[in-house]
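File shown: work_14.cif. Contents: mmCIF, C-alpha atoms.
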```
data_final
loop_
_atom_site.label_atom_id
_atom_site.label_comp_id
_atom_site.auth_asym_id
_atom_site.auth_seq_id
_atom_site.Cartn_x
_atom_site.Cartn_y
_atom_site.Cartn_z
CA MET A 13 -8.96 16.75 9.53
CA ASN A 14 -7.36 19.68 11.27
CA ASN A 15 -3.65 18.83 11.85
CA LYS A 16 -4.08 20.19 15.37
CA TYR A 17 -6.00 17.01 16.29
CA ALA A 18 -4.16 14.47 14.12
CA ASN A 19 -2.25 12.96 17.06
CA ILE A 20 -5.44 12.54 19.05
CA ALA A 21 -7.22 10.95 16.08
CA ARG A 22 -4.29 8.52 15.70
CA GLU A 23 -5.10 7.16 19.14
CA SER A 24 -8.47 5.89 17.89
CA ILE A 25 -6.79 2.59 17.02
CA ALA A 26 -4.51 0.44 19.14
CA PRO A 27 -0.73 0.81 18.71
CA ASN A 28 -0.36 -2.75 17.40
CA THR A 29 -3.11 -2.18 14.83
CA ARG A 30 -1.48 1.10 13.81
CA ALA A 31 1.87 -0.68 13.35
CA ALA A 32 0.21 -3.42 11.27
CA TYR A 33 -1.51 -0.80 9.10
CA ASP A 34 1.79 1.05 8.62
CA LYS A 35 3.50 -2.15 7.42
CA ALA A 36 0.55 -2.98 5.18
CA TRP A 37 0.61 0.49 3.64
CA GLU A 38 4.35 0.17 2.97
CA ARG A 39 3.69 -3.14 1.22
CA PHE A 40 1.00 -1.51 -0.95
CA THR A 41 3.20 1.48 -1.85
CA ARG A 42 6.04 -0.88 -2.89
CA PHE A 43 3.56 -2.81 -5.04
CA CYS A 44 2.39 0.43 -6.67
CA ALA A 45 5.98 1.56 -7.28
CA ARG A 46 6.76 -1.79 -8.99
CA ARG A 47 3.65 -1.50 -11.14
CA GLY A 48 4.12 2.19 -11.91
CA CYS A 49 0.74 3.17 -10.48
CA GLN A 50 -0.29 5.74 -7.91
CA ALA A 51 -0.82 4.59 -4.31
CA LEU A 52 -2.68 7.67 -3.10
CA PRO A 53 -5.29 7.97 -4.36
CA ALA A 54 -5.35 4.44 -5.71
CA THR A 55 -7.77 2.99 -8.20
CA PRO A 56 -10.02 0.03 -7.40
CA GLU A 57 -8.19 -1.90 -10.16
CA SER A 58 -4.78 -1.45 -8.51
CA VAL A 59 -6.23 -2.51 -5.14
CA ILE A 60 -7.73 -5.63 -6.76
CA ASP A 61 -4.40 -6.48 -8.46
CA PHE A 62 -2.61 -6.03 -5.14
CA LEU A 63 -5.03 -8.14 -3.07
CA VAL A 64 -5.09 -10.94 -5.66
CA GLU A 65 -1.28 -10.99 -5.81
CA GLN A 66 -0.98 -11.12 -2.03
CA ALA A 67 -3.59 -13.88 -1.71
CA THR A 68 -2.30 -16.09 -4.53
CA GLU A 69 1.44 -15.64 -5.01
CA PRO A 70 4.11 -17.02 -2.67
CA ALA A 71 5.40 -14.39 -0.25
CA GLY A 72 7.22 -14.19 3.03
CA PRO A 73 9.81 -16.49 4.55
CA ARG A 74 7.69 -19.62 4.08
CA GLY A 75 7.04 -18.96 0.41
CA ARG A 76 3.25 -19.20 0.75
CA PRO A 77 0.52 -16.71 -0.16
CA LEU A 78 -0.62 -14.51 2.69
CA ALA A 79 -3.44 -15.73 4.91
CA MET A 80 -6.86 -14.26 4.11
CA GLY A 81 -6.92 -12.51 7.47
CA THR A 82 -3.76 -10.66 6.46
CA VAL A 83 -5.23 -9.83 3.04
CA ILE A 84 -8.28 -8.33 4.77
CA LEU A 85 -5.94 -6.33 7.01
CA LEU A 86 -4.19 -5.01 3.88
CA ARG A 87 -7.52 -3.82 2.50
CA SER A 88 -8.34 -2.14 5.82
CA ALA A 89 -4.98 -0.34 5.85
CA ILE A 90 -5.54 0.99 2.31
CA ASN A 91 -9.01 2.15 3.31
CA ARG A 92 -7.75 3.88 6.47
CA MET A 93 -4.97 5.73 4.64
CA HIS A 94 -7.33 7.03 1.97
CA VAL A 95 -9.96 8.17 4.46
CA SER A 96 -7.39 9.79 6.77
CA GLN A 97 -5.97 11.75 3.83
CA GLY A 98 -9.41 12.93 2.67
CA TYR A 99 -9.74 10.66 -0.37
CA ALA A 100 -12.60 8.38 -1.30
CA SER A 101 -11.48 4.86 -0.53
CA PRO A 102 -11.09 2.55 -3.53
CA THR A 103 -11.69 -0.40 -1.21
CA GLY A 104 -15.39 0.47 -1.07
CA ALA A 105 -15.86 -0.24 -4.77
CA ALA A 106 -18.20 -3.12 -5.56
CA ASP A 107 -15.52 -4.82 -7.70
CA VAL A 108 -13.06 -4.88 -4.79
CA ALA A 109 -15.63 -6.41 -2.44
CA GLU A 110 -16.65 -8.99 -5.04
CA VAL A 111 -13.06 -10.06 -5.76
CA LEU A 112 -12.32 -10.30 -2.04
CA ARG A 113 -15.39 -12.53 -1.53
CA GLY A 114 -14.20 -14.67 -4.45
CA LEU A 115 -10.73 -14.99 -2.92
CA MET A 116 -12.27 -16.05 0.38
CA ARG A 117 -14.33 -18.73 -1.34
CA LEU A 118 -11.32 -19.98 -3.31
CA ARG A 119 -8.85 -19.88 -0.46
CA GLY A 120 -11.18 -20.42 2.46
CA ALA A 121 -11.34 -17.89 5.25
CA ALA A 122 -11.41 -20.12 8.28
CA PRO A 123 -9.45 -18.52 11.10
CA ARG A 124 -6.35 -20.26 12.36
CA ARG A 125 -7.38 -22.08 15.51
CA VAL A 126 -4.92 -22.48 18.34
CA ASP A 127 -5.64 -25.03 21.03
CA ALA A 128 -5.74 -23.61 24.55
CA LEU A 129 -3.25 -24.81 27.11
CA ARG A 130 -4.59 -27.50 29.41
CA GLU A 131 -3.74 -27.89 33.09
CA TYR A 132 -1.34 -30.77 32.35
CA ASP A 133 0.50 -28.55 29.84
CA VAL A 134 0.92 -25.86 32.49
CA GLU A 135 2.02 -28.42 35.10
CA ALA A 136 4.69 -29.70 32.69
CA MET A 137 5.93 -26.16 32.03
CA LEU A 138 5.98 -25.34 35.75
CA GLY A 139 7.98 -28.53 36.32
CA CYS A 140 10.69 -27.12 34.05
CA CYS A 141 11.04 -23.95 36.10
CA GLY A 142 13.89 -23.89 38.57
CA ALA A 143 14.27 -22.32 42.00
CA ARG A 144 16.24 -19.20 41.11
CA PRO A 145 14.39 -15.91 41.61
CA LEU A 146 13.81 -15.26 37.88
CA GLU A 147 12.60 -18.82 37.36
CA LEU A 148 10.22 -18.53 40.30
CA ARG A 149 8.93 -15.24 38.87
CA ASP A 150 8.37 -16.90 35.50
CA ALA A 151 6.54 -19.79 37.14
CA ALA A 152 4.33 -17.40 39.12
CA LEU A 153 3.45 -15.40 36.00
CA LEU A 154 2.72 -18.56 34.05
CA ALA A 155 0.45 -19.95 36.79
CA LEU A 156 -1.27 -16.59 37.29
CA GLY A 157 -1.84 -16.09 33.57
CA PHE A 158 -3.37 -19.55 33.24
CA ALA A 159 -5.52 -19.30 36.39
CA ALA A 160 -6.93 -15.90 35.36
CA ALA A 161 -7.10 -16.74 31.61
CA LEU A 162 -5.04 -13.65 30.77
CA ARG A 163 -3.70 -12.70 27.38
CA ARG A 164 0.04 -12.15 26.99
CA SER A 165 -0.45 -8.38 26.75
CA GLU A 166 -2.54 -8.39 29.94
CA ILE A 167 0.17 -10.27 31.83
CA CYS A 168 2.84 -7.85 30.58
CA ALA A 169 0.78 -4.84 31.67
CA LEU A 170 0.23 -6.08 35.25
CA GLN A 171 1.76 -3.97 37.99
CA VAL A 172 2.25 -4.82 41.66
CA GLY A 173 -0.63 -2.50 42.57
CA ASP A 174 -2.95 -4.53 40.32
CA VAL A 175 -2.69 -7.53 42.65
CA GLU A 176 -4.73 -7.56 45.86
CA LEU A 177 -4.16 -10.49 48.21
CA LEU A 178 -7.16 -11.54 50.28
CA GLY A 179 -7.30 -13.65 53.44
CA ALA A 180 -7.59 -17.41 53.41
CA GLU A 181 -11.05 -18.95 53.22
CA GLY A 182 -11.94 -22.06 55.21
CA GLY A 183 -8.37 -23.29 55.59
CA GLY A 184 -7.74 -23.06 51.85
CA GLY A 185 -5.06 -21.03 50.16
CA ARG A 186 -5.05 -17.29 49.86
CA ARG A 187 -7.16 -15.65 47.20
CA MET A 188 -6.32 -12.65 45.09
CA LEU A 189 -8.05 -10.07 42.97
CA LEU A 190 -6.41 -8.79 39.81
CA THR A 191 -7.16 -5.51 38.12
CA VAL A 192 -6.78 -5.77 34.36
CA ARG A 193 -6.65 -2.12 33.30
CA LYS A 194 -6.92 -2.60 29.55
CA SER A 195 -7.27 -5.55 27.22
CA LYS A 196 -7.89 -6.47 23.62
CA THR A 197 -11.63 -6.53 24.33
CA ASP A 198 -11.49 -3.35 26.47
CA GLN A 199 -9.62 -0.88 24.27
CA LEU A 200 -10.96 2.15 26.13
CA GLY A 201 -9.52 0.92 29.43
CA ALA A 202 -12.66 0.61 31.56
CA GLY A 203 -10.83 -2.12 33.49
CA GLN A 204 -11.95 -5.39 34.98
CA ARG A 205 -11.47 -7.13 38.34
CA ILE A 206 -10.75 -10.85 38.18
CA ALA A 207 -10.78 -13.21 41.18
#
```
Produce structure tokens that represent the structure in this file.
Amino acid sequence: MNNKYANIARESIAPNTRAAYDKAWERFTRFCARRGCQALPATPESVIDFLVEQATEPAGPRGRPLAMGTVILLRSAINRMHVSQGYASPTGAADVAEVLRGLMRLRGAAPRRVDALREYDVEAMLGCCGARPLELRDAALLALGFAAALRRSEICALQVGDVELLGAEGGGGRRMLLTVRKSKTDQLGAGQRIA
């Protein structure tokens, strides 16, 4: 790609994904340096060795192999780096795909499920908030995030102008409309209004 447009092309993926790919690529280059093999362009065999090591050998602070979701992210980062540098990606080789499928069958690829907060959980957390201004702000953000089912990143991105207070209806409390400008499921920032 023409270097003139490299910065624009970089914006095709979210900043958090880009950061994860950068870390994954660093991990792969360290692996290649230890093994005395070339990272760019890499061979399918070195990618297989790397993915198998990451999926089966203890790593990280907990001393466990990486989760399969992380191993798949590693493969994606290797693919992205090769393609962005004009090389054929070794991750597209049939052997790499077959070994990855085998790892998933051996290790299981079920995603980590996290239970959603329930209303009684939120009530308990709100009960711990005090009456100081920062504590009241925290309580308001917690209640708002739960009521609108917002992700953490969506709550952090809210601005005062994104909140529109509406009049009371039938003696009930006031209503509000939120504008969520961008979210994990709306990477292009089309925006969404939430009551």
Can you tell me, as a list in words, what residues are no more than 9 Å from Asn91 (chain A) when counting only C-alpha atoms, ignoring any on the same chain fewer than 5 positions away?
-> Leu86, Ser96, Ala100, Ser101, Pro102, Thr103 and Gly104 of chain A
Using only C-alpha atoms, I'd like a table of the residues in region 77-146 of chain A that come within 6 Å of region 46-67 of chain A; for each, show the closest atom pair and its distance in Å rounded to one decimal, ordered by chain and ascending number, as JSON lines.
```
{"residue": "A:Pro77", "atom": "CA", "partner": "A:Ala67", "partner_atom": "CA", "distance": 5.2}
{"residue": "A:Leu78", "atom": "CA", "partner": "A:Ala67", "partner_atom": "CA", "distance": 5.3}
{"residue": "A:Pro102", "atom": "CA", "partner": "A:Pro56", "partner_atom": "CA", "distance": 4.7}
{"residue": "A:Val108", "atom": "CA", "partner": "A:Ile60", "partner_atom": "CA", "distance": 5.7}
```
Residue neighbourhood Arg30 (chain A), 12 Å, only C-alpha atoms, exclusion window fewer than 5 positions, as a list of chain:residue names =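 The neighbour list is A:Ala21, A:Arg22, A:Glu23, A:Ser24, A:Ile25, A:Lys35, A:Ala36, A:Trp37, A:Leu85, A:Leu86, A:Ser88, A:Ala89, A:Arg92, A:Met93.
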d(CA of Pro70 (chain A), CA of Asn28 (chain A)) in Å =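 Between CA of Pro70 (chain A) and CA of Asn28 (chain A) the gap is 25.0 Å.
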Nearest-residue call for Thr29 (chain A), choices A:Thr82, A:Ala45, A:Ala159, A:Met137, using only C-alpha atoms = A:Thr82
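Proximity to Leu112 (chain A) was assessed for A:Ile84, A:Ala169, A:Ala151, A:Ala160 counting all atoms listed in the file; the smallest distance is recorded for A:Ile84.
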When the PyMOL selection byres ((chain A and resi 166) around 10) is applied to the file above, which residues end up in the set, as a ChimeraX atom specification?
-> /A:157,161-165,167-170,191-196
Using only C-alpha atoms: which of A:Val83, A:Ala128, A:Leu190, A:Ala155 has the shortest distance to Gln171 (chain A) =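 Using only C-alpha atoms, Gln171 (chain A) sits closest to A:Leu190.
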Work out how far CA of Leu189 (chain A) is from CA of Arg205 (chain A), in Å to one decimal.
->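 According to the coordinates, CA of Arg205 (chain A) and CA of Leu189 (chain A) are separated by 6.5 Å.
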What does the distance between CA of Tyr132 (chain A) and CA of Asp174 (chain A) come to in Å, to one decimal place?
-> 27.5 Å
Step by step, work through what the PyMOL selection byres ((chain A and resi 135) around 12) selects in the shown file, and finish by giving those residues as a list in words.
-> Leu129, Arg130, Glu131, Tyr132, Asp133, Val134, Ala136, Met137, Leu138, Gly139, Cys140, Cys141, Ala151, Ala152, Leu154, Ala155, Phe158 and Ala159 of chain A
